[in-house]
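What follows is the content of final13.tsv (TSV, C-alpha atoms and all ligand atoms).
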```
chain	number	residue	atom	x	y	z
T	1	MET	CA	165.98	239.55	-33.93
T	2	VAL	CA	165.59	239.59	-30.16
T	3	THR	CA	162.64	240.65	-28.04
T	4	ALA	CA	163.35	243.62	-25.79
T	5	ALA	CA	161.44	245.86	-23.39
T	6	VAL	CA	162.09	249.23	-25.02
T	7	LEU	CA	161.61	252.57	-23.27
T	8	ARG	CA	161.09	255.10	-26.08
T	9	GLU	CA	161.04	258.25	-23.97
T	10	ILE	CA	162.00	259.32	-20.46
T	11	GLY	CA	158.92	259.18	-18.23
T	12	GLY	CA	157.27	256.60	-20.51
T	13	VAL	CA	156.49	252.90	-20.11
T	14	PRO	CA	158.57	250.13	-21.72
T	15	HIS	CA	156.93	248.05	-24.48
T	16	LEU	CA	158.07	244.77	-26.00
T	17	GLU	CA	159.65	245.34	-29.41
T	18	GLU	CA	161.84	243.47	-31.85
T	19	LEU	CA	165.46	244.54	-31.87
T	20	GLU	CA	168.29	243.76	-34.30
T	21	LEU	CA	171.53	243.70	-32.29
T	22	ILE	CA	174.75	244.90	-33.90
T	23	PRO	CA	176.97	241.77	-34.09
T	24	PRO	CA	179.87	241.75	-31.60
T	25	ARG	CA	182.67	244.13	-32.60
T	26	PRO	CA	186.26	243.25	-31.71
T	27	GLY	CA	186.45	242.79	-27.94
T	28	GLN	CA	182.70	242.25	-27.57
T	29	VAL	CA	180.51	239.22	-26.91
T	30	ARG	CA	176.87	238.32	-27.44
T	31	ILE	CA	175.06	237.06	-24.34
T	32	ARG	CA	171.84	235.06	-24.05
T	33	LEU	CA	170.36	236.46	-20.86
T	34	ALA	CA	169.10	234.10	-18.16
T	35	ALA	CA	167.75	236.67	-15.71
T	36	SER	CA	167.74	240.37	-14.89
T	37	GLY	CA	166.86	241.97	-11.57
T	38	VAL	CA	164.66	245.06	-11.42
T	39	CYS	CA	166.74	247.69	-9.63
T	40	HIS	CA	165.49	250.97	-8.22
T	41	SER	CA	167.81	252.72	-10.64
T	42	ASP	CA	165.68	251.36	-13.52
T	43	LEU	CA	162.78	253.39	-12.11
T	44	SER	CA	165.04	256.43	-11.72
T	45	LEU	CA	166.11	256.01	-15.34
T	46	ALA	CA	162.53	255.57	-16.58
T	47	GLY	CA	161.43	258.59	-14.55
T	48	GLY	CA	164.32	260.77	-15.68
T	49	THR	CA	166.03	261.30	-12.28
T	50	LEU	CA	169.01	259.63	-13.95
T	51	ARG	CA	169.66	260.63	-17.56
T	52	HIS	CA	170.12	258.13	-20.35
T	53	ALA	CA	170.04	258.10	-24.14
T	54	VAL	CA	166.74	256.75	-25.59
T	55	PRO	CA	165.23	254.55	-26.92
T	56	VAL	CA	166.75	252.35	-24.26
T	57	VAL	CA	166.47	248.75	-23.10
T	58	LEU	CA	166.69	249.06	-19.31
T	59	GLY	CA	167.90	246.32	-16.95
T	60	HIS	CA	171.49	246.33	-15.71
T	61	GLU	CA	171.55	243.53	-13.09
T	62	SER	CA	171.92	240.49	-15.31
T	63	ALA	CA	173.47	237.09	-15.82
T	64	GLY	CA	173.54	234.84	-18.87
T	65	ARG	CA	175.71	232.78	-21.20
T	66	VAL	CA	178.19	233.77	-23.89
T	67	ILE	CA	176.84	232.69	-27.32
T	68	GLU	CA	179.10	234.58	-29.75
T	69	LEU	CA	182.62	236.01	-29.56
T	70	GLY	CA	183.92	239.12	-31.32
T	71	ASP	CA	187.46	239.17	-32.70
T	72	GLY	CA	190.22	239.14	-30.14
T	73	VAL	CA	188.18	237.83	-27.21
T	74	THR	CA	190.30	235.17	-25.55
T	75	GLN	CA	189.27	235.41	-21.90
T	76	LEU	CA	185.78	233.99	-22.54
T	77	ALA	CA	184.45	230.96	-24.43
T	78	ILE	CA	181.08	230.08	-25.96
T	79	GLY	CA	178.81	228.71	-23.24
T	80	ASP	CA	180.51	230.47	-20.35
T	81	PRO	CA	178.08	231.60	-17.63
T	82	VAL	CA	178.70	235.25	-16.75
T	83	VAL	CA	177.44	238.06	-14.56
T	84	LEU	CA	177.39	241.47	-16.24
T	85	LEU	CA	178.82	244.72	-14.88
T	86	TRP	CA	177.18	248.10	-15.59
T	87	ALA	CA	180.38	250.05	-14.93
T	88	PRO	CA	183.27	247.91	-16.13
T	89	PRO	CA	186.62	249.50	-15.24
T	90	CYS	CA	188.92	250.20	-18.22
T	91	GLY	CA	192.05	249.47	-16.19
T	92	ALA	CA	193.96	252.33	-17.81
T	93	CYS	CA	192.46	255.71	-16.80
T	94	TRP	CA	193.72	257.86	-13.91
T	95	TYR	CA	191.15	256.42	-11.45
T	96	CYS	CA	191.76	252.80	-12.44
T	97	LEU	CA	195.52	253.25	-12.10
T	98	GLN	CA	194.89	254.93	-8.74
T	99	GLY	CA	193.14	251.78	-7.45
T	100	GLU	CA	189.65	253.30	-7.63
T	101	PRO	CA	188.16	251.28	-10.52
T	102	TYR	CA	184.57	252.09	-9.44
T	103	LEU	CA	185.25	255.71	-10.44
T	104	CYS	CA	186.58	254.71	-13.89
T	105	GLN	CA	186.29	257.61	-16.33
T	106	ARG	CA	185.33	255.26	-19.16
T	107	ALA	CA	182.85	253.13	-17.20
T	108	ASP	CA	179.91	254.68	-19.05
T	109	THR	CA	181.31	254.38	-22.60
T	110	ALA	CA	178.81	251.66	-23.52
T	111	TRP	CA	175.87	253.69	-22.18
T	112	GLN	CA	176.25	256.18	-25.02
T	113	ARG	CA	176.85	253.83	-27.95
T	114	PRO	CA	173.93	252.41	-29.99
T	115	TYR	CA	173.95	248.62	-29.76
T	116	GLY	CA	171.05	247.72	-32.01
T	117	ALA	CA	168.32	248.92	-34.34
T	118	LEU	CA	164.56	248.90	-33.78
T	119	ALA	CA	162.05	247.78	-36.43
T	120	ASP	CA	161.75	251.39	-37.70
T	121	GLY	CA	165.52	251.47	-38.22
T	122	GLY	CA	166.17	253.83	-35.28
T	123	ASP	CA	169.10	253.32	-32.91
T	124	ALA	CA	168.60	251.59	-29.56
T	125	TYR	CA	170.81	251.94	-26.50
T	126	ALA	CA	171.60	249.34	-23.84
T	127	GLY	CA	170.59	250.60	-20.38
T	128	LEU	CA	173.81	251.29	-18.43
T	129	GLY	CA	175.57	249.36	-21.19
T	130	VAL	CA	173.83	246.09	-20.21
T	131	GLY	CA	170.32	246.13	-21.76
T	132	GLY	CA	169.12	243.38	-19.44
T	133	PHE	CA	165.40	243.40	-20.24
T	134	ALA	CA	165.86	241.54	-23.53
T	135	SER	CA	166.48	237.93	-24.50
T	136	GLU	CA	170.01	238.76	-25.70
T	137	THR	CA	172.52	241.58	-25.51
T	138	VAL	CA	175.96	242.52	-26.87
T	139	VAL	CA	178.50	243.87	-24.38
T	140	ASP	CA	182.22	244.44	-24.04
T	141	ALA	CA	183.98	241.31	-22.80
T	142	SER	CA	185.39	243.49	-20.00
T	143	SER	CA	181.90	243.79	-18.52
T	144	CYS	CA	181.58	240.01	-18.09
T	145	ILE	CA	182.78	238.14	-15.03
T	146	ARG	CA	182.82	234.38	-15.54
T	147	LEU	CA	180.89	232.29	-13.01
T	148	PRO	CA	181.49	228.71	-11.87
T	149	ALA	CA	179.62	226.24	-14.13
T	150	ASP	CA	177.25	225.15	-11.35
T	151	PHE	CA	176.34	228.62	-10.08
T	152	PRO	CA	172.55	229.25	-10.35
T	153	LEU	CA	172.17	231.88	-13.08
T	154	VAL	CA	168.93	233.45	-11.86
T	155	GLU	CA	170.40	234.22	-8.43
T	156	ALA	CA	173.67	235.25	-10.09
T	157	ALA	CA	171.97	238.25	-11.71
T	158	LEU	CA	171.75	239.94	-8.30
T	159	LEU	CA	175.52	239.84	-7.92
T	160	GLY	CA	175.94	242.45	-10.67
T	161	CYS	CA	174.27	245.38	-8.92
T	162	ALA	CA	172.57	244.82	-5.53
T	163	LEU	CA	175.21	242.53	-4.03
T	164	LEU	CA	178.32	244.27	-5.37
T	165	THR	CA	176.85	247.58	-4.18
T	166	GLY	CA	175.53	246.53	-0.76
T	167	VAL	CA	178.24	244.11	0.35
T	168	GLY	CA	180.85	246.42	-1.20
T	169	ALA	CA	179.53	249.41	0.77
T	170	VAL	CA	180.12	247.48	4.01
T	171	ARG	CA	183.51	245.99	3.14
T	172	ASN	CA	185.16	248.51	0.85
T	173	ALA	CA	183.61	251.86	1.77
T	174	ALA	CA	182.51	251.68	5.45
T	175	ARG	CA	185.09	248.98	6.27
T	176	VAL	CA	182.93	247.65	9.09
T	177	ARG	CA	184.93	245.78	11.74
T	178	PRO	CA	183.75	242.77	13.77
T	179	GLY	CA	181.52	243.79	16.66
T	180	GLN	CA	180.63	247.22	15.29
T	181	SER	CA	177.01	248.35	15.05
T	182	VAL	CA	175.51	249.06	11.64
T	183	LEU	CA	172.29	250.89	10.80
T	184	VAL	CA	170.84	250.15	7.34
T	185	LEU	CA	168.22	252.58	6.06
T	186	GLY	CA	166.07	251.21	3.23
T	187	LEU	CA	165.66	247.45	2.75
T	188	GLY	CA	165.31	247.01	-1.01
T	189	GLY	CA	167.72	244.81	-2.94
T	190	VAL	CA	170.73	246.96	-2.05
T	191	GLY	CA	169.69	247.41	1.61
T	192	LEU	CA	169.14	243.67	2.10
T	193	SER	CA	172.53	243.03	0.48
T	194	THR	CA	174.01	245.55	2.92
T	195	VAL	CA	172.45	243.66	5.84
T	196	GLN	CA	174.04	240.43	4.57
T	197	GLY	CA	177.35	242.23	4.09
T	198	ALA	CA	177.23	243.51	7.67
T	199	ARG	CA	176.54	240.00	8.98
T	200	ILE	CA	179.42	238.58	6.90
T	201	ALA	CA	181.69	241.35	8.26
T	202	GLY	CA	180.87	240.17	11.80
T	203	ALA	CA	178.96	243.29	12.81
T	204	GLY	CA	177.44	243.21	16.30
T	205	ARG	CA	174.09	244.95	16.16
T	206	ILE	CA	172.57	245.27	12.69
T	207	ILE	CA	169.52	247.53	12.62
T	208	GLY	CA	167.35	247.51	9.50
T	209	VAL	CA	164.82	250.27	8.81
T	210	ASP	CA	162.02	250.22	6.25
T	211	PRO	CA	158.32	251.16	6.23
T	212	ALA	CA	157.35	247.75	4.74
T	213	GLU	CA	156.87	244.97	7.27
T	214	SER	CA	157.67	242.26	4.69
T	215	LYS	CA	161.07	243.84	4.05
T	216	ARG	CA	161.78	244.13	7.77
T	217	GLU	CA	160.95	240.43	8.21
T	218	LEU	CA	163.25	239.49	5.36
T	219	ALA	CA	166.01	241.62	6.89
T	220	LEU	CA	165.68	239.64	10.14
T	221	ARG	CA	166.06	236.38	8.16
T	222	LEU	CA	169.12	237.74	6.38
T	223	GLY	CA	171.00	238.91	9.45
T	224	ALA	CA	169.47	242.01	11.03
T	225	THR	CA	169.40	241.80	14.83
T	226	ASP	CA	166.77	244.54	15.12
T	227	VAL	CA	164.33	246.19	12.75
T	228	LEU	CA	162.57	249.53	13.14
T	229	GLU	CA	159.88	251.48	11.34
T	230	PRO	CA	160.83	254.95	10.16
T	231	GLY	CA	159.43	257.89	12.14
T	232	PRO	CA	160.36	261.28	13.51
T	233	ASP	CA	162.23	259.87	16.52
T	234	LEU	CA	164.10	257.20	14.55
T	235	ALA	CA	167.61	258.53	15.29
T	236	LYS	CA	166.79	258.54	19.00
T	237	ARG	CA	165.48	254.94	18.89
T	238	VAL	CA	168.64	253.83	17.10
T	239	ARG	CA	170.90	255.57	19.63
T	240	ALA	CA	168.95	253.89	22.44
T	241	LEU	CA	169.67	250.47	20.88
T	242	CYS	CA	173.37	251.36	20.70
T	243	ASP	CA	174.13	252.08	24.38
T	244	GLY	CA	172.74	255.60	24.02
T	245	ARG	CA	175.73	256.61	21.88
T	246	GLY	CA	174.51	255.78	18.40
T	247	ALA	CA	175.62	253.37	15.71
T	248	ASP	CA	179.25	253.04	14.61
T	249	HIS	CA	178.05	253.03	11.01
T	250	ALA	CA	174.95	254.10	9.11
T	251	ILE	CA	174.50	252.98	5.53
T	252	GLU	CA	171.86	254.95	3.68
T	253	CYS	CA	170.27	253.02	0.80
T	254	VAL	CA	167.38	255.39	0.01
T	255	GLY	CA	168.91	258.52	-1.47
T	256	ARG	CA	166.73	261.15	0.23
T	257	ALA	CA	167.84	264.21	2.18
T	258	GLU	CA	165.72	263.26	5.18
T	259	THR	CA	167.08	259.72	5.50
T	260	ILE	CA	170.66	260.90	4.97
T	261	ARG	CA	170.22	263.41	7.78
T	262	THR	CA	168.60	260.75	10.02
T	263	ALA	CA	171.42	258.31	9.28
T	264	TRP	CA	173.99	260.91	10.30
T	265	SER	CA	172.10	261.80	13.50
T	266	ALA	CA	171.81	258.13	14.46
T	267	THR	CA	175.57	257.54	14.46
T	268	ARG	CA	177.76	257.99	17.55
T	269	ARG	CA	180.36	260.73	17.99
T	270	GLY	CA	183.06	259.79	15.50
T	271	GLY	CA	180.64	257.51	13.63
T	272	HIS	CA	180.44	257.24	9.87
T	273	THR	CA	177.60	257.48	7.36
T	274	THR	CA	177.95	255.91	3.93
T	275	VAL	CA	175.47	257.18	1.33
T	276	VAL	CA	174.67	254.46	-1.20
T	277	GLY	CA	171.19	255.61	-2.31
T	278	ILE	CA	171.07	257.74	-5.44
T	279	GLY	CA	169.02	260.87	-4.87
T	280	GLY	CA	167.89	263.79	-6.97
T	281	SER	CA	169.56	267.15	-7.43
T	282	THR	CA	166.90	269.36	-5.86
T	283	GLU	CA	167.02	268.42	-2.16
T	284	GLN	CA	169.57	269.78	0.33
T	285	VAL	CA	171.06	268.09	3.41
T	286	SER	CA	172.11	270.54	6.12
T	287	PHE	CA	174.41	270.44	9.15
T	288	THR	CA	175.40	273.23	11.55
T	289	PRO	CA	179.11	274.02	11.84
T	290	LEU	CA	178.89	273.39	15.59
T	291	GLU	CA	177.49	269.86	15.25
T	292	LEU	CA	180.04	268.98	12.57
T	293	ALA	CA	182.85	269.87	14.96
T	294	HIS	CA	181.29	268.55	18.15
T	295	PHE	CA	180.16	265.13	16.92
T	296	ALA	CA	183.23	264.50	14.74
T	297	ARG	CA	181.05	262.32	12.54
T	298	SER	CA	181.89	261.74	8.91
T	299	ILE	CA	179.85	261.10	5.80
T	300	SER	CA	180.82	259.90	2.34
T	301	GLY	CA	179.24	258.78	-0.90
T	302	CYS	CA	179.77	255.33	-2.32
T	303	VAL	CA	179.60	254.41	-6.02
T	304	TYR	CA	178.95	250.77	-7.03
T	305	GLY	CA	180.07	249.51	-3.61
T	306	SER	CA	183.58	250.95	-4.19
T	307	THR	CA	184.01	247.65	-5.95
T	308	ASP	CA	186.89	245.99	-7.70
T	309	PRO	CA	184.56	243.64	-9.59
T	310	VAL	CA	186.98	240.78	-10.22
T	311	THR	CA	187.98	240.32	-6.58
T	312	ASP	CA	184.56	241.25	-5.19
T	313	VAL	CA	182.56	238.84	-7.38
T	314	ALA	CA	185.05	236.12	-6.37
T	315	PHE	CA	184.42	237.02	-2.71
T	316	LEU	CA	180.64	236.84	-3.20
T	317	ILE	CA	180.91	233.43	-4.90
T	318	GLU	CA	183.05	232.18	-2.02
T	319	GLN	CA	180.54	233.45	0.55
T	320	TYR	CA	177.66	231.86	-1.38
T	321	ARG	CA	179.46	228.53	-1.44
T	322	ALA	CA	180.14	228.80	2.29
T	323	GLY	CA	176.41	229.29	2.88
T	324	ALA	CA	176.94	232.83	4.17
T	325	LEU	CA	175.21	234.63	1.30
T	326	ASP	CA	171.51	233.90	0.85
T	327	LEU	CA	170.56	234.78	-2.73
T	328	ALA	CA	167.51	232.55	-3.01
T	329	ALA	CA	165.70	234.37	-0.19
T	330	MET	CA	166.13	237.64	-2.04
T	331	VAL	CA	164.79	236.27	-5.32
T	332	THR	CA	161.94	234.05	-4.19
T	333	ALA	CA	160.53	235.58	-1.04
T	334	GLY	CA	157.83	237.44	-2.93
T	335	GLU	CA	156.86	240.96	-1.96
T	336	GLY	CA	159.75	242.79	-0.35
T	337	ALA	CA	162.45	240.92	-2.24
T	338	ARG	CA	164.10	241.62	-5.56
T	339	SER	CA	161.87	241.22	-8.62
T	340	VAL	CA	163.76	239.25	-11.22
T	341	VAL	CA	162.85	238.82	-14.88
T	342	VAL	CA	163.68	235.24	-15.85
T	343	PHE	CA	164.15	234.29	-19.52
T	344	ASP	CA	163.39	230.92	-21.14
T	345	GLU	CA	167.00	229.88	-21.41
T	346	ALA	CA	167.61	230.06	-17.66
T	347	ALA	CA	169.88	227.25	-16.61
Q	1	ZN	ZN	171.14	248.71	-9.95
Q	2	ZN	ZN	189.28	253.37	-16.00
```

Structure re-expressed in structure tokens:
Amino acid sequence: MVTAAVLREIGGVPHLEELELIPPRPGQVRIRLAASGVCHSDLSLAGGTLRHAVPVVLGHESAGRVIELGDGVTQLAIGDPVVLLWAPPCGACWYCLQGEPYLCQRADTAWQRPYGALADGGDAYAGLGVGGFASETVVDASSCIRLPADFPLVEAALLGCALLTGVGAVRNAARVRPGQSVLVLGLGGVGLSTVQGARIAGAGRIIGVDPAESKRELALRLGATDVLEPGPDLAKRVRALCDGRGADHAIECVGRAETIRTAWSATRRGGHTTVVGIGGSTEQVSFTPLELAHFARSISGCVYGSTDPVTDVAFLIEQYRAGALDLAAMVTAGEGARSVVVFDEAA
């Protein structure tokens, strides 16, 4: 039996319950979780903006240790420290073969498969296939990326969602070049990761925007050169900071029509907006045909940082070791940083 925070119905509140996990099937492993970050998507899942089978154990930004191996698992060993992926690429579908593993058609297979039973005998599902808000979970070995033995496991949890998404948006989707200006809208876990990604990419001006002062201060510590409060004239203030032209890149980490539109308006002619935030399905973003042609700006969505998890986690580990990636500041800085649930076994 493991203890898990179980969300019984969409729009409800999770409660601690006992859960009997299904032992690892062939190709699966059991993980003792060390830590799980609380991602905005957990709120979207609890609130029903994102759909998920219930009852569900949320939490999808996790790290832990392998404690049991299913048949046929050879790439992992008992005791291995791992970070978990919520959209592990299958490596064989059309998108994976195309070199777009973040769009894998089978990435959500584990989201729809019961992974345990509650005390009343009912099925339980692992949130986004991870089920991070529990002391243990069972996942496909393909959703585990092994970490170096000395990597701090609590900080490592953030690699699995916020860092892969934010740093990936900068490197893989926007492809920010040294010296370019980058506007980051929304400074939660993903936005702060985006700021760090822009700094690592050698961006010139990095402008962070958030209504919370504590988040703006943290963004300055993590690499932003300027921070601004949102407001009706935000796009104008950003353009003024960027030689009157506008930013080369805007990376939207909020997922609202208004901020997407502001991001687009704040970029220069020919600039690019990358939408990372996950919004609802009821709002509309509008552009006139004339402005689309005249400004020659572009806009694109970005799923999971357009990541190839194996190479991107390796890159993040390398940057951490080089002192370029500050994970501790994101975990421990209190209000404005990532909330992380830490379990007893944290090592
Ligand atoms: Zn997330
Ligand atoms: Zn695939």

note - atom CA of T:Pro14 and atom CA of T:Asp42 are separated by 10.9 Å

Collect all residues with atoms no farther than 7 Å from ligand ZN 1 (chain Q), counting all atoms listed in the file, and output them as a ChimeraX atom specification.
/T:39-41,60-61,161-162

Got a sec: who's within 7 Å of T:Thr49, counting only C-alpha atoms, leaving out chain neighbours fewer than 4 positions off, as a CSV table (one decimal) with C-alpha atoms, in the coordinates of the input?
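Done, and the output landed in out_22.csv:
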```
chain,number,residue,atom,x,y,z
T,44,SER,CA,165.0,256.4,-11.7
T,45,LEU,CA,166.1,256.0,-15.3
T,280,GLY,CA,167.9,263.8,-7.0
```

_Residues contacting ligand ZN 2 (chain Q) - anything with an atom at most 12 Å away, using only C-alpha atoms and all ligand atoms - can you give me those as a PyMOL selection string?_
chain T and resi 87-109+142+308

Keeping only C-alpha atoms, write the selected residues as a tab-separated table (two decimals), in the coordinates of the input.
```tsv
chain	number	residue	atom	x	y	z
T	87	ALA	CA	180.38	250.05	-14.93
T	88	PRO	CA	183.27	247.91	-16.13
T	89	PRO	CA	186.62	249.50	-15.24
T	90	CYS	CA	188.92	250.20	-18.22
T	91	GLY	CA	192.05	249.47	-16.19
T	92	ALA	CA	193.96	252.33	-17.81
T	93	CYS	CA	192.46	255.71	-16.80
T	94	TRP	CA	193.72	257.86	-13.91
T	95	TYR	CA	191.15	256.42	-11.45
T	96	CYS	CA	191.76	252.80	-12.44
T	97	LEU	CA	195.52	253.25	-12.10
T	98	GLN	CA	194.89	254.93	-8.74
T	99	GLY	CA	193.14	251.78	-7.45
T	100	GLU	CA	189.65	253.30	-7.63
T	101	PRO	CA	188.16	251.28	-10.52
T	102	TYR	CA	184.57	252.09	-9.44
T	103	LEU	CA	185.25	255.71	-10.44
T	104	CYS	CA	186.58	254.71	-13.89
T	105	GLN	CA	186.29	257.61	-16.33
T	106	ARG	CA	185.33	255.26	-19.16
T	107	ALA	CA	182.85	253.13	-17.20
T	108	ASP	CA	179.91	254.68	-19.05
T	109	THR	CA	181.31	254.38	-22.60
T	142	SER	CA	185.39	243.49	-20.00
T	308	ASP	CA	186.89	245.99	-7.70
```

Among T:Ile200, T:Val154, T:Met1, T:Ala110, T:Gly64 is approached most closely, using only C-alpha atoms, by T:Val154

What lies within 7 Å of stretch 158-160 of chain T using all atoms listed in the file, ignoring chain neighbours under 5 positions off, as a CSV table (one decimal) with C-alpha atoms, in the frame of the given file?
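Below is the file part_17.csv, written as the result:
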```
chain,number,residue,atom,x,y,z
T,37,GLY,CA,166.9,242.0,-11.6
T,61,GLU,CA,171.6,243.5,-13.1
T,62,SER,CA,171.9,240.5,-15.3
T,83,VAL,CA,177.4,238.1,-14.6
T,84,LEU,CA,177.4,241.5,-16.2
T,85,LEU,CA,178.8,244.7,-14.9
```

**Spatial neighbours of T:Ala173, max dist 7 Å, all atoms listed in the file, sep filter under 6 positions, as a ChimeraX atom specification** = /T:302,305-306

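Proximity ranking of T:Val209, T:Ala34, T:Leu325, T:Leu7 relative to T:Ala46 places T:Leu7 first, based on only C-alpha atoms.
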
Would you please take stretch 16-28 of chain T of the structure in the block above and write N, CA, C and O atoms to a file as a PDB file, in the first residue's frame?
```
ATOM      1  N   LEU T  16      -5.764  12.437   0.872  1.00  0.00           N
ATOM      2  CA  LEU T  16      -4.818  11.323   1.027  1.00  0.00           C
ATOM      3  C   LEU T  16      -5.590  10.021   1.178  1.00  0.00           C
ATOM      4  O   LEU T  16      -6.509   9.926   1.978  1.00  0.00           O
ATOM      5  N   GLU T  17      -5.215   9.038   0.372  1.00  0.00           N
ATOM      6  CA  GLU T  17      -5.850   7.722   0.432  1.00  0.00           C
ATOM      7  C   GLU T  17      -4.776   6.659   0.265  1.00  0.00           C
ATOM      8  O   GLU T  17      -3.683   6.923  -0.218  1.00  0.00           O
ATOM      9  N   GLU T  18      -5.143   5.447   0.666  1.00  0.00           N
ATOM     10  CA  GLU T  18      -4.261   4.296   0.451  1.00  0.00           C
ATOM     11  C   GLU T  18      -4.503   3.757  -0.952  1.00  0.00           C
ATOM     12  O   GLU T  18      -5.643   3.748  -1.422  1.00  0.00           O
ATOM     13  N   LEU T  19      -3.421   3.324  -1.576  1.00  0.00           N
ATOM     14  CA  LEU T  19      -3.506   2.876  -2.963  1.00  0.00           C
ATOM     15  C   LEU T  19      -2.669   1.608  -3.114  1.00  0.00           C
ATOM     16  O   LEU T  19      -1.544   1.544  -2.621  1.00  0.00           O
ATOM     17  N   GLU T  20      -3.259   0.596  -3.755  1.00  0.00           N
ATOM     18  CA  GLU T  20      -2.509  -0.636  -4.055  1.00  0.00           C
ATOM     19  C   GLU T  20      -2.067  -0.551  -5.507  1.00  0.00           C
ATOM     20  O   GLU T  20      -2.897  -0.596  -6.419  1.00  0.00           O
ATOM     21  N   LEU T  21      -0.752  -0.399  -5.725  1.00  0.00           N
ATOM     22  CA  LEU T  21      -0.265  -0.281  -7.109  1.00  0.00           C
ATOM     23  C   LEU T  21      -0.240  -1.646  -7.786  1.00  0.00           C
ATOM     24  O   LEU T  21       0.048  -2.659  -7.142  1.00  0.00           O
ATOM     25  N   ILE T  22      -0.547  -1.685  -9.071  1.00  0.00           N
ATOM     26  CA  ILE T  22      -0.394  -2.916  -9.849  1.00  0.00           C
ATOM     27  C   ILE T  22       1.107  -3.143 -10.017  1.00  0.00           C
ATOM     28  O   ILE T  22       1.829  -2.227 -10.438  1.00  0.00           O
ATOM     29  N   PRO T  23       1.625  -4.341  -9.662  1.00  0.00           N
ATOM     30  CA  PRO T  23       3.073  -4.568  -9.774  1.00  0.00           C
ATOM     31  C   PRO T  23       3.553  -4.328 -11.208  1.00  0.00           C
ATOM     32  O   PRO T  23       2.762  -4.461 -12.157  1.00  0.00           O
ATOM     33  N   PRO T  24       4.819  -3.961 -11.376  1.00  0.00           N
ATOM     34  CA  PRO T  24       5.328  -3.636 -12.717  1.00  0.00           C
ATOM     35  C   PRO T  24       5.074  -4.762 -13.720  1.00  0.00           C
ATOM     36  O   PRO T  24       5.410  -5.916 -13.468  1.00  0.00           O
ATOM     37  N   ARG T  25       4.449  -4.420 -14.830  1.00  0.00           N
ATOM     38  CA  ARG T  25       4.270  -5.347 -15.949  1.00  0.00           C
ATOM     39  C   ARG T  25       5.597  -5.396 -16.718  1.00  0.00           C
ATOM     40  O   ARG T  25       6.505  -4.593 -16.445  1.00  0.00           O
ATOM     41  N   PRO T  26       5.708  -6.279 -17.702  1.00  0.00           N
ATOM     42  CA  PRO T  26       6.938  -6.270 -18.510  1.00  0.00           C
ATOM     43  C   PRO T  26       7.210  -4.865 -19.058  1.00  0.00           C
ATOM     44  O   PRO T  26       6.289  -4.199 -19.542  1.00  0.00           O
ATOM     45  N   GLY T  27       8.430  -4.419 -18.931  1.00  0.00           N
ATOM     46  CA  GLY T  27       8.797  -3.099 -19.450  1.00  0.00           C
ATOM     47  C   GLY T  27       8.521  -1.953 -18.490  1.00  0.00           C
ATOM     48  O   GLY T  27       8.792  -0.801 -18.811  1.00  0.00           O
ATOM     49  N   GLN T  28       7.986  -2.285 -17.295  1.00  0.00           N
ATOM     50  CA  GLN T  28       7.689  -1.224 -16.329  1.00  0.00           C
ATOM     51  C   GLN T  28       8.618  -1.290 -15.119  1.00  0.00           C
ATOM     52  O   GLN T  28       9.273  -2.313 -14.879  1.00  0.00           O
TER      53      GLN T  28
END
```
